[in-house]
file entry10.cif (mmCIF, C-alpha atoms)
data_data
#
loop_
_atom_site.label_atom_id
_atom_site.label_comp_id
_atom_site.auth_asym_id
_atom_site.auth_seq_id
_atom_site.Cartn_x
_atom_site.Cartn_y
_atom_site.Cartn_z
CA MET A 1 -12.50 13.65 34.23
CA GLY A 2 -15.32 16.16 34.36
CA LYS A 3 -18.82 15.11 35.25
CA ASP A 4 -18.87 11.43 36.30
CA ALA A 5 -16.43 9.82 33.88
CA GLN A 6 -17.35 6.52 35.52
CA GLY A 7 -20.71 6.61 33.76
CA SER A 8 -21.57 3.98 31.17
CA GLY A 9 -23.12 6.34 28.59
CA SER A 10 -26.70 7.03 27.70
CA ALA A 11 -29.51 4.53 27.43
CA ALA A 12 -29.67 5.27 23.71
CA ALA A 13 -25.98 4.46 23.34
CA ASN A 14 -26.38 1.23 25.27
CA ALA A 15 -29.34 0.20 23.14
CA ALA A 16 -27.47 1.05 19.97
CA ALA A 17 -24.50 -0.99 21.16
CA GLU A 18 -26.78 -4.01 21.29
CA GLY A 19 -28.22 -3.27 17.85
CA LYS A 20 -31.68 -2.51 19.25
CA GLY A 21 -33.82 0.03 17.49
CA SER A 22 -31.09 1.06 15.06
CA SER A 23 -31.61 1.62 11.34
CA LEU A 24 -27.90 1.04 10.72
CA PHE A 25 -26.20 -2.10 9.51
CA GLN A 26 -24.31 -3.37 12.53
CA THR A 27 -20.90 -3.34 10.83
CA TYR A 28 -19.21 -1.79 13.87
CA ALA A 29 -18.81 -3.23 17.36
CA ARG A 30 -19.48 0.14 18.95
CA TYR A 31 -18.58 1.15 22.48
CA PRO A 32 -21.53 2.26 24.68
CA LEU A 33 -20.70 5.96 24.34
CA SER A 34 -22.28 8.75 22.33
CA LEU A 35 -19.70 11.49 21.77
CA VAL A 36 -21.21 14.85 20.95
CA LYS A 37 -18.53 17.54 21.41
CA GLY A 38 -14.79 17.89 20.97
CA GLU A 39 -12.13 20.52 21.55
CA GLY A 40 -8.38 19.99 21.31
CA SER A 41 -7.50 16.75 23.13
CA TRP A 42 -10.89 16.40 24.79
CA LEU A 43 -14.26 14.84 24.01
CA TRP A 44 -17.61 14.94 25.79
CA ASP A 45 -20.45 12.45 25.62
CA ASP A 46 -24.17 13.14 25.73
CA GLN A 47 -24.18 12.70 29.51
CA GLY A 48 -21.59 15.44 30.08
CA ASN A 49 -18.71 13.04 30.78
CA LYS A 50 -15.30 14.28 29.65
CA TYR A 51 -12.63 12.11 28.03
CA LEU A 52 -8.97 12.59 27.19
CA ASP A 53 -8.75 11.45 23.58
CA PHE A 54 -5.75 9.28 22.69
CA MET A 55 -7.49 7.86 19.60
CA ALA A 56 -7.88 11.02 17.49
CA GLY A 57 -10.67 9.36 15.53
CA LEU A 58 -8.16 6.66 14.50
CA ALA A 59 -5.35 9.07 13.55
CA VAL A 60 -7.71 11.54 11.88
CA THR A 61 -7.94 14.64 14.09
CA ASN A 62 -4.19 15.27 13.99
CA LEU A 63 -4.64 18.96 14.85
CA GLY A 64 -7.05 18.17 17.66
CA HIS A 65 -10.82 18.48 17.59
CA ALA A 66 -12.23 21.53 15.79
CA PRO A 67 -8.89 23.27 15.08
CA VAL A 68 -9.54 27.00 14.86
CA LYS A 69 -7.69 27.82 11.63
CA VAL A 70 -9.25 24.94 9.73
CA LYS A 71 -12.70 25.68 11.13
CA GLU A 72 -12.49 29.31 9.99
CA LYS A 73 -11.53 28.33 6.43
CA LEU A 74 -14.33 25.75 6.28
CA LYS A 75 -16.90 28.25 7.51
CA ALA A 76 -15.76 30.80 4.93
CA GLN A 77 -16.03 28.23 2.14
CA LEU A 78 -19.53 27.21 3.29
CA ASP A 79 -20.66 30.72 2.41
CA GLU A 80 -19.16 30.55 -1.08
CA LEU A 81 -19.49 27.18 -2.86
CA TRP A 82 -19.93 23.59 -1.74
CA HIS A 83 -19.71 21.43 -4.85
CA VAL A 84 -19.11 21.54 -8.58
CA SER A 85 -18.17 18.78 -10.98
CA ASN A 86 -14.54 17.97 -11.65
CA LEU A 87 -15.38 18.77 -15.28
CA PHE A 88 -14.58 22.34 -14.23
CA HIS A 89 -11.41 23.89 -12.80
CA ILE A 90 -11.58 24.14 -9.01
CA PRO A 91 -9.08 26.77 -7.80
CA GLY A 92 -9.07 25.48 -4.22
CA GLN A 93 -8.22 22.00 -5.43
CA GLU A 94 -5.26 23.36 -7.40
CA LYS A 95 -4.08 25.19 -4.28
CA ALA A 96 -4.33 22.08 -2.10
CA ALA A 97 -2.47 20.00 -4.68
CA ALA A 98 0.24 22.64 -5.03
CA LEU A 99 0.76 22.66 -1.25
CA LEU A 100 1.19 18.89 -1.27
CA THR A 101 3.62 18.77 -4.19
CA ALA A 102 5.63 21.74 -2.90
CA ASN A 103 6.25 19.95 0.39
CA THR A 104 6.77 16.36 -0.80
CA CYS A 105 8.61 14.46 -3.51
CA ALA A 106 5.40 14.14 -5.55
CA ASP A 107 4.59 16.02 -8.75
CA ALA A 108 0.87 15.26 -9.17
CA VAL A 109 -2.15 14.62 -6.95
CA PHE A 110 -5.48 12.86 -7.37
CA PHE A 111 -8.12 13.70 -4.76
CA CYS A 112 -10.75 11.26 -3.55
CA ASN A 113 -12.71 10.68 -0.34
CA SER A 114 -10.96 8.04 1.76
CA GLY A 115 -7.84 5.99 2.30
CA ALA A 116 -9.31 2.96 0.57
CA GLU A 117 -10.10 5.06 -2.50
CA ALA A 118 -6.61 6.54 -2.47
CA ASN A 119 -5.09 3.05 -2.38
CA GLU A 120 -7.50 1.88 -5.07
CA ALA A 121 -6.31 4.76 -7.25
CA ALA A 122 -2.69 3.80 -6.56
CA ILE A 123 -3.34 0.21 -7.65
CA LYS A 124 -5.10 1.37 -10.81
CA LEU A 125 -2.33 3.84 -11.62
CA ALA A 126 0.37 1.19 -11.22
CA ARG A 127 -1.44 -1.24 -13.52
CA ARG A 128 -2.30 1.36 -16.11
CA TYR A 129 1.25 2.74 -16.15
CA HIS A 130 2.66 -0.67 -16.98
CA GLN A 131 -0.06 -1.61 -19.45
CA LYS A 132 -0.70 1.68 -21.26
CA VAL A 133 2.61 3.53 -20.94
CA LYS A 134 5.24 0.78 -20.68
CA GLY A 135 3.30 -1.81 -22.67
CA THR A 136 4.33 -4.67 -20.38
CA GLY A 137 0.94 -6.02 -19.32
CA ARG A 138 2.03 -6.19 -15.70
CA TYR A 139 -0.75 -6.17 -13.11
CA GLU A 140 0.29 -7.91 -9.89
CA ILE A 141 0.79 -5.99 -6.62
CA ILE A 142 2.92 -7.47 -3.83
CA THR A 143 1.94 -6.48 -0.28
CA PHE A 144 2.84 -7.77 3.19
CA THR A 145 1.14 -9.91 5.81
CA GLN A 146 -0.50 -7.96 8.64
CA SER A 147 -0.83 -4.91 6.37
CA PHE A 148 -4.09 -3.00 6.06
CA HIS A 149 -5.00 -1.10 2.89
CA GLY A 150 -8.78 -0.65 2.95
CA ARG A 151 -12.22 -2.21 2.60
CA THR A 152 -12.94 -2.08 -1.14
CA LEU A 153 -12.62 -5.42 -2.91
CA ALA A 154 -9.21 -4.54 -4.33
CA THR A 155 -7.81 -3.01 -1.16
CA LEU A 156 -9.08 -5.73 1.17
CA THR A 157 -7.49 -8.25 -1.19
CA ALA A 158 -4.26 -6.27 -0.98
CA THR A 159 -4.54 -6.31 2.81
CA GLY A 160 -2.40 -9.02 4.40
CA GLN A 161 -5.03 -10.09 6.95
CA ASP A 162 -7.46 -12.91 6.22
CA LYS A 163 -10.08 -11.67 8.69
CA VAL A 164 -11.14 -8.77 6.43
CA LYS A 165 -11.65 -11.12 3.48
CA GLU A 166 -14.11 -13.57 5.01
CA GLY A 167 -17.34 -13.87 3.05
CA PHE A 168 -16.22 -11.77 0.08
CA LEU A 169 -15.08 -14.49 -2.32
CA PRO A 170 -14.14 -14.52 -5.13
CA LEU A 171 -11.47 -11.91 -4.59
CA PRO A 172 -9.85 -10.03 -7.48
CA ALA A 173 -6.76 -11.58 -9.00
CA GLY A 174 -3.39 -9.90 -9.00
CA PHE A 175 -2.41 -9.60 -5.35
CA LEU A 176 0.20 -11.50 -3.36
CA SER A 177 1.27 -11.00 0.26
CA VAL A 178 4.60 -12.03 1.78
CA SER A 179 5.91 -11.68 5.32
CA LEU A 180 7.30 -8.28 6.25
CA HIS A 181 11.11 -8.31 6.52
CA ASP A 182 11.38 -11.67 4.72
CA LEU A 183 13.62 -10.60 1.85
CA PRO A 184 14.06 -14.05 0.26
CA ALA A 185 10.26 -14.49 0.16
CA LEU A 186 9.88 -11.08 -1.47
CA GLU A 187 12.54 -11.83 -4.07
CA ALA A 188 10.88 -15.16 -4.85
CA ALA A 189 7.46 -13.49 -5.26
CA ILE A 190 8.61 -11.09 -7.99
CA ASN A 191 7.78 -12.36 -11.48
CA ASP A 192 7.08 -11.12 -14.99
CA ASN A 193 3.58 -9.98 -13.96
CA THR A 194 4.68 -7.91 -10.96
CA ALA A 195 3.76 -4.23 -11.35
CA ALA A 196 4.43 -2.78 -7.90
CA ILE A 197 5.29 -3.38 -4.26
CA MET A 198 2.92 -1.73 -1.77
CA ILE A 199 4.12 -1.15 1.79
CA GLU A 200 3.34 0.77 4.98
CA MET A 201 6.12 2.54 6.85
CA VAL A 202 4.40 1.44 10.06
CA GLN A 203 1.89 -1.40 10.06
CA ALA A 204 -0.54 0.47 12.28
CA GLU A 205 -3.59 -1.80 12.17
CA GLY A 206 -1.35 -4.85 12.12
CA GLY A 207 0.24 -4.22 15.52
CA VAL A 208 2.28 -0.99 15.16
CA HIS A 209 5.32 -2.50 13.44
CA PRO A 210 7.71 0.03 11.83
CA VAL A 211 9.47 -1.22 8.72
CA GLU A 212 13.18 -1.88 9.23
CA PRO A 213 15.36 0.60 7.30
CA GLU A 214 17.59 -2.12 5.82
CA PHE A 215 14.58 -4.02 4.52
CA LEU A 216 13.06 -0.90 2.97
CA GLN A 217 16.33 -0.10 1.22
CA ALA A 218 16.31 -3.64 -0.19
CA VAL A 219 12.72 -3.15 -1.36
CA THR A 220 13.60 0.07 -3.21
CA LYS A 221 16.60 -1.67 -4.79
CA LEU A 222 14.40 -4.54 -5.99
CA CYS A 223 11.92 -2.07 -7.48
CA LYS A 224 14.66 -0.37 -9.49
CA GLN A 225 16.20 -3.68 -10.50
CA HIS A 226 12.93 -5.13 -11.81
CA GLY A 227 11.25 -1.95 -13.07
CA LEU A 228 8.53 -2.02 -10.39
CA LEU A 229 6.69 0.91 -8.87
CA LEU A 230 7.04 1.50 -5.14
CA ILE A 231 3.72 2.40 -3.50
CA VAL A 232 3.80 3.65 0.09
CA ASP A 233 0.51 3.58 2.01
CA GLU A 234 0.60 6.67 4.26
CA VAL A 235 -3.11 6.71 5.01
CA GLN A 236 -2.47 6.53 8.76
CA THR A 237 1.17 7.60 8.97
CA GLY A 238 0.87 10.71 6.80
CA MET A 239 0.30 14.33 7.84
CA GLY A 240 2.80 14.55 10.68
CA ARG A 241 1.72 11.48 12.65
CA THR A 242 5.22 9.94 12.85
CA GLY A 243 7.19 13.16 13.35
CA LYS A 244 7.64 13.94 9.64
CA LEU A 245 5.01 15.26 7.25
CA PHE A 246 5.14 11.79 5.66
CA ALA A 247 6.69 8.74 7.28
CA HIS A 248 8.78 7.73 4.26
CA GLU A 249 10.86 10.87 4.88
CA HIS A 250 12.40 9.09 7.89
CA TYR A 251 13.96 6.59 5.50
CA GLY A 252 15.32 8.94 2.84
CA ILE A 253 13.37 7.33 0.00
CA GLU A 254 11.12 8.76 -2.71
CA PRO A 255 8.22 6.43 -3.57
CA ASP A 256 6.75 6.47 -7.05
CA ILE A 257 3.27 6.67 -5.50
CA PHE A 258 2.05 7.32 -1.99
CA THR A 259 -1.38 7.73 -0.46
CA VAL A 260 -2.86 9.78 2.37
CA ALA A 261 -6.25 10.30 4.01
CA LYS A 262 -7.17 10.37 7.72
CA GLY A 263 -5.20 13.41 8.95
CA LEU A 264 -5.36 15.19 5.58
CA GLY A 265 -8.75 16.76 6.30
CA SER A 266 -8.74 17.21 10.10
CA GLY A 267 -11.90 15.10 10.26
CA PHE A 268 -13.43 16.15 6.94
CA PRO A 269 -13.63 13.10 4.61
CA VAL A 270 -10.89 13.36 1.99
CA GLY A 271 -8.10 11.24 0.57
CA ALA A 272 -5.35 11.71 -1.97
CA MET A 273 -2.98 9.73 -4.13
CA LEU A 274 0.31 11.42 -4.95
CA GLY A 275 2.75 10.37 -7.65
CA LYS A 276 5.81 11.22 -9.68
CA GLY A 277 5.49 13.26 -12.85
CA TYR A 278 6.35 10.36 -15.17
CA LEU A 279 3.09 8.71 -14.15
CA ARG A 280 0.93 11.50 -15.60
CA ASP A 281 0.69 9.74 -18.96
CA ALA A 282 -1.03 6.78 -17.27
CA PHE A 283 -3.85 8.81 -15.77
CA THR A 284 -5.24 10.71 -18.73
CA ALA A 285 -8.72 12.21 -19.10
CA GLY A 286 -11.41 9.62 -18.43
CA SER A 287 -9.06 6.98 -16.98
CA HIS A 288 -10.15 7.57 -13.37
CA GLY A 289 -12.44 9.89 -11.48
CA SER A 290 -14.38 10.74 -8.32
CA THR A 291 -17.61 12.72 -8.09
CA PHE A 292 -16.76 14.16 -4.69
CA GLY A 293 -12.96 14.12 -4.94
CA GLY A 294 -11.47 17.52 -4.17
CA THR A 295 -14.68 19.51 -3.77
CA PRO A 296 -14.36 23.18 -2.81
CA LEU A 297 -15.20 22.27 0.79
CA ALA A 298 -12.69 19.43 0.98
CA SER A 299 -10.02 21.47 -0.75
CA ALA A 300 -10.43 24.36 1.67
CA VAL A 301 -10.00 22.00 4.61
CA VAL A 302 -6.97 20.28 3.09
CA ALA A 303 -5.24 23.58 2.35
CA ALA A 304 -5.95 24.90 5.85
CA THR A 305 -4.72 21.66 7.44
CA ILE A 306 -1.45 21.68 5.50
CA GLU A 307 -0.87 25.39 6.12
CA THR A 308 -1.42 24.88 9.85
CA MET A 309 0.94 21.89 9.86
CA LEU A 310 3.68 23.97 8.25
CA GLU A 311 3.14 27.29 10.04
CA ASP A 312 2.94 25.68 13.50
CA ASN A 313 5.76 23.18 12.86
CA VAL A 314 3.39 20.37 13.80
CA PRO A 315 5.44 17.36 12.60
CA GLN A 316 8.42 18.42 14.73
CA ARG A 317 6.16 18.97 17.71
CA ALA A 318 4.74 15.48 17.16
CA ALA A 319 8.26 14.04 17.10
CA GLU A 320 9.11 15.73 20.40
CA ALA A 321 5.81 14.72 22.02
CA GLY A 322 6.29 11.16 20.79
CA GLU A 323 9.76 10.97 22.32
CA TYR A 324 8.39 12.23 25.62
CA LEU A 325 5.40 9.87 25.62
CA THR A 326 7.56 6.87 24.73
CA ALA A 327 10.11 7.74 27.42
CA GLN A 328 7.39 8.04 30.05
CA LEU A 329 5.90 4.70 29.07
CA GLN A 330 9.27 2.96 29.06
CA GLU A 331 10.14 4.34 32.47
CA LYS A 332 6.84 3.59 34.16
CA LEU A 333 6.17 0.23 32.52
CA ALA A 334 9.68 -1.15 33.03
CA GLY A 335 9.79 -4.50 34.77
CA ILE A 336 6.09 -5.31 34.28
CA PRO A 337 5.88 -8.82 32.72
CA PHE A 338 2.47 -8.00 31.24
CA VAL A 339 4.13 -5.46 28.91
CA LYS A 340 6.29 -7.16 26.27
CA SER A 341 7.41 -4.17 24.17
CA ILE A 342 6.77 -0.51 23.30
CA ARG A 343 7.27 0.50 19.69
CA GLY A 344 6.24 2.98 17.01
CA LYS A 345 7.18 6.31 15.49
CA GLY A 346 6.22 9.79 16.63
CA LEU A 347 2.70 9.73 18.03
CA LEU A 348 1.81 6.32 16.62
CA ILE A 349 2.73 4.08 19.55
CA GLY A 350 1.96 0.45 20.28
CA ILE A 351 2.26 -1.31 23.64
CA GLU A 352 2.41 -5.06 23.07
CA CYS A 353 1.00 -7.00 26.00
CA ALA A 354 1.09 -10.62 27.06
CA GLU A 355 -2.65 -11.14 26.59
CA PRO A 356 -5.70 -9.46 24.99
CA VAL A 357 -6.24 -5.83 25.99
CA GLY A 358 -9.91 -5.31 25.16
CA GLU A 359 -10.89 -5.05 28.82
CA LEU A 360 -8.20 -2.41 29.37
CA VAL A 361 -9.76 -0.28 26.63
CA LEU A 362 -13.13 -0.43 28.40
CA GLU A 363 -11.54 0.38 31.75
CA GLY A 364 -9.84 3.36 30.12
CA GLN A 365 -13.22 4.66 29.04
CA ARG A 366 -14.57 4.26 32.56
CA ARG A 367 -11.62 6.32 33.83
CA GLY A 368 -11.95 8.98 31.14
CA LEU A 369 -9.18 7.93 28.72
CA LEU A 370 -9.87 6.83 25.14
CA PHE A 371 -7.44 4.57 23.33
CA VAL A 372 -7.73 1.70 20.89
CA THR A 373 -6.16 -1.65 20.01
CA ALA A 374 -3.98 -2.75 17.09
CA GLY A 375 -4.72 -6.45 17.08
CA PRO A 376 -5.87 -8.31 20.20
CA ASN A 377 -2.74 -7.81 22.34
CA VAL A 378 -1.56 -4.31 21.40
CA ILE A 379 -2.65 -1.00 22.92
CA ARG A 380 -2.43 1.73 20.26
CA LEU A 381 -1.97 5.35 21.34
CA LEU A 382 -2.88 8.05 18.83
CA PRO A 383 -3.16 11.45 20.53
CA ASN A 384 -3.46 14.58 18.43
CA LEU A 385 -0.13 16.04 17.34
CA LEU A 386 -0.51 19.17 19.47
CA VAL A 387 -1.08 17.22 22.69
CA THR A 388 0.54 18.90 25.71
CA ARG A 389 2.98 17.30 28.14
CA GLU A 390 0.41 17.77 30.89
CA GLU A 391 -2.13 15.79 28.86
CA ILE A 392 0.47 13.11 28.15
CA ASP A 393 1.28 12.86 31.86
CA GLN A 394 -2.42 12.56 32.66
CA ALA A 395 -2.94 9.82 30.07
CA VAL A 396 0.13 7.88 31.15
CA SER A 397 -0.95 8.05 34.79
CA ILE A 398 -4.37 6.59 33.97
CA LEU A 399 -2.90 3.94 31.69
CA ILE A 400 -0.33 2.86 34.29
CA ASP A 401 -3.05 2.55 36.93
CA ILE A 402 -5.15 0.43 34.56
CA ILE A 403 -2.27 -1.92 33.76
CA HIS A 404 -1.26 -2.24 37.42
CA ALA A 405 -4.86 -2.96 38.44
CA HIS A 406 -5.22 -5.55 35.66
CA THR A 407 -2.02 -7.37 36.55
CA ALA A 408 -2.89 -7.30 40.27
CA VAL A 409 -6.24 -8.96 39.61
CA ASN A 410 -4.66 -11.63 37.42
CA GLN A 411 -1.98 -12.36 40.01
CA ALA A 412 -4.46 -12.64 42.87
#

call {"tool": "encode", "arguments": {"input": "entry10.cif", "output": "structure tokens"}}
result
Amino acid sequence: MGKDAQGSGSAAANAAAEGKGSSLFQTYARYPLSLVKGEGSWLWDDQGNKYLDFMAGLAVTNLGHAPVKVKEKLKAQLDELWHVSNLFHIPGQEKAAALLTANTCADAVFFCNSGAEANEAAIKLARRYHQKVKGTGRYEIITFTQSFHGRTLATLTATGQDKVKEGFLPLPAGFLSVSLHDLPALEAAINDNTAAIMIEMVQAEGGVHPVEPEFLQAVTKLCKQHGLLLIVDEVQTGMGRTGKLFAHEHYGIEPDIFTVAKGLGSGFPVGAMLGKGYLRDAFTAGSHGSTFGGTPLASAVVAATIETMLEDNVPQRAAEAGEYLTAQLQEKLAGIPFVKSIRGKGLLIGIECAEPVGELVLEGQRRGLLFVTAGPNVIRLLPNLLVTREEIDQAVSILIDIIHAHTAVNQA
């Protein structure tokens, strides 16, 4: 793995990991690495160590690090204009929105800066649609346990995990979580105040659990029956990650609202909420806004990312790579009691293990492979969507060695 991948990172990184001498709030449990360069599937730290990246910045660098076409468009825009207020027309923003609506079931786009902001906009749009357009006064959003929707007060309340809510009481009213795939519980939760159901096609942070097609069809039927909006959170699953441009395409449904961030900007901070045309009357001038949403820089990156996705057939390539990676894992991990299941869609893959996998993540770093968890017992693999078969083989080989070594130690 290049120059001494067994190294433990720089002294500065180690000090920062312990919170020493840092001016930052210690809101992240950081690994003792300082990454300074990236290209394609590879990253380098400040000591010259090379790593095969199967994290992609948490499903962000879907086209790999520093993709050439996107980089060229960003550099060109840097020479022209960085920022103007959304009080003016921004041609690049119109182009990016048109690319999104032309290639999805959506009719309108609102740009913001992150997934949490996109989900916040979706929640606000759902409430305002019912209250200002339909005149019903509905406000409640139903979500699912183990979901993850963001870190703002509204989106962490929507999230179906108690750990993100600790210390932030009182939480906003109007959110209710039920167990995923528990249809009777969902039916019982719907009431006269329900405005929308918000769901992920794959619960990525919650353990890499794809939604079952039959359950999703029941959800869409309930939405139509009760006049609810269906919101699909595609913050992590969007932009080709699951083998389609958006994961809901696998299920043949058209959500009223869906959100995207992460892979939308190839590493540049941007998010978007997309919706059907009949929702336009809910978001009128002054009803919502974002100072930095859809700047000329962000818009240039979004347009270049989408164009690259379409021109290079990236979602299909991700589907094929995901099938290959999953097949390799299933073959090489078969019969190992430590591994309980392998699941996911496309290049969003979870390996559920019999015990916590935090030490395996650290051993991966020591061997030059970066991956992350999805809950304490699940290894989450998120390579870029243009990852080669050779890189997949290399990652699988390292991962298999790590798992074998771990199980051997525990059996000794």

call {"tool": "atom_distance", "arguments": {"input": "entry10.cif", "atom1": "atom CA of A:Ala196", "atom2": "atom CA of A:Gly286"}}
result
22.7 Å

call {"tool": "atom_distance", "arguments": {"input": "entry10.cif", "atom1": "atom CA of A:Tyr129", "atom2": "atom CA of A:Ser287"}}
result
11.2 Å

call {"tool": "resolve_selection", "arguments": {"input": "entry10.cif", "expression": "the PyMOL selection byres ((chain A and resi 228) around 12)", "output": "PyMOL selection string"}}
result
chain A and resi 126-127+129-130+134+136+138-142+190-198+219-227+229-231+255-257

call {"tool": "closest_residue", "arguments": {"input": "entry10.cif", "among": "A:Asp401, A:Ala408, A:Leu381, A:Ser34", "to": "A:Asp53", "atoms": "only C-alpha atoms"}}
result
A:Leu381

call {"tool": "closest_residue", "arguments": {"input": "entry10.cif", "among": "A:Leu362, A:Ala29, A:Ile336, A:Ala66", "to": "A:Thr407", "atoms": "all atoms listed in the file"}}
result
A:Ile336

call {"tool": "resolve_selection", "arguments": {"input": "entry10.cif", "expression": "the PyMOL selection byres ((chain A and resi 283) around 10)", "output": "short mmCIF file (atom, residue, chain, number, x, y, z; two decimals) with C-alpha atoms, keeping the file's coordinate frame"}}
result
data_model
loop_
_atom_site.label_atom_id
_atom_site.label_comp_id
_atom_site.auth_asym_id
_atom_site.auth_seq_id
_atom_site.Cartn_x
_atom_site.Cartn_y
_atom_site.Cartn_z
CA PHE A 110 -5.48 12.86 -7.37
CA ALA A 121 -6.31 4.76 -7.25
CA LYS A 124 -5.10 1.37 -10.81
CA LEU A 125 -2.33 3.84 -11.62
CA ALA A 126 0.37 1.19 -11.22
CA ARG A 128 -2.30 1.36 -16.11
CA TYR A 129 1.25 2.74 -16.15
CA LYS A 132 -0.70 1.68 -21.26
CA VAL A 133 2.61 3.53 -20.94
CA LEU A 279 3.09 8.71 -14.15
CA ARG A 280 0.93 11.50 -15.60
CA ASP A 281 0.69 9.74 -18.96
CA ALA A 282 -1.03 6.78 -17.27
CA THR A 284 -5.24 10.71 -18.73
CA ALA A 285 -8.72 12.21 -19.10
CA GLY A 286 -11.41 9.62 -18.43
CA SER A 287 -9.06 6.98 -16.98
CA HIS A 288 -10.15 7.57 -13.37
CA GLY A 289 -12.44 9.89 -11.48
#

call {"tool": "resolve_selection", "arguments": {"input": "entry10.cif", "expression": "the PyMOL selection byres ((chain A and resi 62) around 8)", "output": "list in words"}}
result
Ala56, Ala59, Val60, Thr61, Leu63, Gly64, Met239, Gly240, Arg241, Gly263, Ser266, Pro383, Asn384, Leu385 and Leu386 of chain A

call {"tool": "atom_distance", "arguments": {"input": "entry10.cif", "atom1": "atom CA of A:Glu39", "atom2": "atom CA of A:Arg343"}}
result
27.9 Å

call {"tool": "closest_residue", "arguments": {"input": "entry10.cif", "among": "A:Gly243, A:Gly368, A:Gly267, A:Pro32", "to": "A:Lys345", "atoms": "all atoms listed in the file"}}
result
A:Gly243

call {"tool": "residues_around", "arguments": {"input": "entry10.cif", "residues": "stretch 73-89 of chain A", "least_positions_apart": "6", "cutoff": "10 Å", "atoms": "only C-alpha atoms", "output": "mmCIF file with C-alpha atoms, in the coordinates of the input"}}
result
data_model
loop_
_atom_site.group_PDB
_atom_site.id
_atom_site.type_symbol
_atom_site.label_atom_id
_atom_site.label_comp_id
_atom_site.auth_asym_id
_atom_site.auth_seq_id
_atom_site.Cartn_x
_atom_site.Cartn_y
_atom_site.Cartn_z
ATOM 1 C CA PHE A 268 -13.430 16.150 6.940
ATOM 2 C CA GLY A 289 -12.440 9.890 -11.480
ATOM 3 C CA SER A 290 -14.380 10.740 -8.320
ATOM 4 C CA THR A 291 -17.610 12.720 -8.090
ATOM 5 C CA PHE A 292 -16.760 14.160 -4.690
ATOM 6 C CA GLY A 293 -12.960 14.120 -4.940
ATOM 7 C CA GLY A 294 -11.470 17.520 -4.170
ATOM 8 C CA THR A 295 -14.680 19.510 -3.770
ATOM 9 C CA PRO A 296 -14.360 23.180 -2.810
ATOM 10 C CA LEU A 297 -15.200 22.270 0.790
ATOM 11 C CA ALA A 298 -12.690 19.430 0.980
ATOM 12 C CA SER A 299 -10.020 21.470 -0.750
ATOM 13 C CA ALA A 300 -10.430 24.360 1.670
ATOM 14 C CA VAL A 301 -10.000 22.000 4.610
ATOM 15 C CA VAL A 302 -6.970 20.280 3.090
ATOM 16 C CA ALA A 303 -5.240 23.580 2.350
ATOM 17 C CA ALA A 304 -5.950 24.900 5.850
ATOM 18 C CA THR A 305 -4.720 21.660 7.440
#

call {"tool": "residues_around", "arguments": {"input": "entry10.cif", "residues": "A:Glu352", "least_positions_apart": "5", "cutoff": "9 Å", "atoms": "all atoms listed in the file", "output": "MDAnalysis selection string"}}
result
chainID A and resid 207:208 338:343 377:380

call {"tool": "residues_around", "arguments": {"input": "entry10.cif", "residues": "A:Ala173", "least_positions_apart": "2", "cutoff": "9 Å", "atoms": "all atoms listed in the file", "output": "NGL selection string"}}
result
:A and (140 or 154 or 157 or 170-171 or 175-176)

call {"tool": "write_last_selection", "arguments": {"input": "entry10.cif", "atoms": "C-alpha atoms", "output": "PDB file, keeping the file's coordinate frame"}}
result
ATOM      1  CA  GLU A 140       0.290  -7.910  -9.890  1.00  0.00           C
ATOM      2  CA  ALA A 154      -9.210  -4.540  -4.330  1.00  0.00           C
ATOM      3  CA  THR A 157      -7.490  -8.250  -1.190  1.00  0.00           C
ATOM      4  CA  PRO A 170     -14.140 -14.520  -5.130  1.00  0.00           C
ATOM      5  CA  LEU A 171     -11.470 -11.910  -4.590  1.00  0.00           C
ATOM      6  CA  PHE A 175      -2.410  -9.600  -5.350  1.00  0.00           C
ATOM      7  CA  LEU A 176       0.200 -11.500  -3.360  1.00  0.00           C
TER       8      LEU A 176
END

call {"tool": "closest_residue", "arguments": {"input": "entry10.cif", "among": "A:Leu186, A:Glu94, A:Cys105, A:Gln365", "to": "A:Asn49", "atoms": "all atoms listed in the file"}}
result
A:Gln365

call {"tool": "closest_residue", "arguments": {"input": "entry10.cif", "among": "A:Asp233, A:Glu214, A:Glu187, A:Glu72", "to": "A:Phe258", "atoms": "all atoms listed in the file"}}
result
A:Asp233

call {"tool": "closest_residue", "arguments": {"input": "entry10.cif", "among": "A:Gly277, A:His209, A:His406, A:Glu355", "to": "A:Val109", "atoms": "only C-alpha atoms"}}
result
A:Gly277

call {"tool": "residues_around", "arguments": {"input": "entry10.cif", "residues": "stretch 318-320 of chain A", "least_positions_apart": "2", "cutoff": "12 Å", "atoms": "only C-alpha atoms", "output": "VMD selection string"}}
result
chain A and resid 62 to 63 237 239 to 245 247 250 309 312 to 316 322 to 327 344 to 349 382 to 389 392
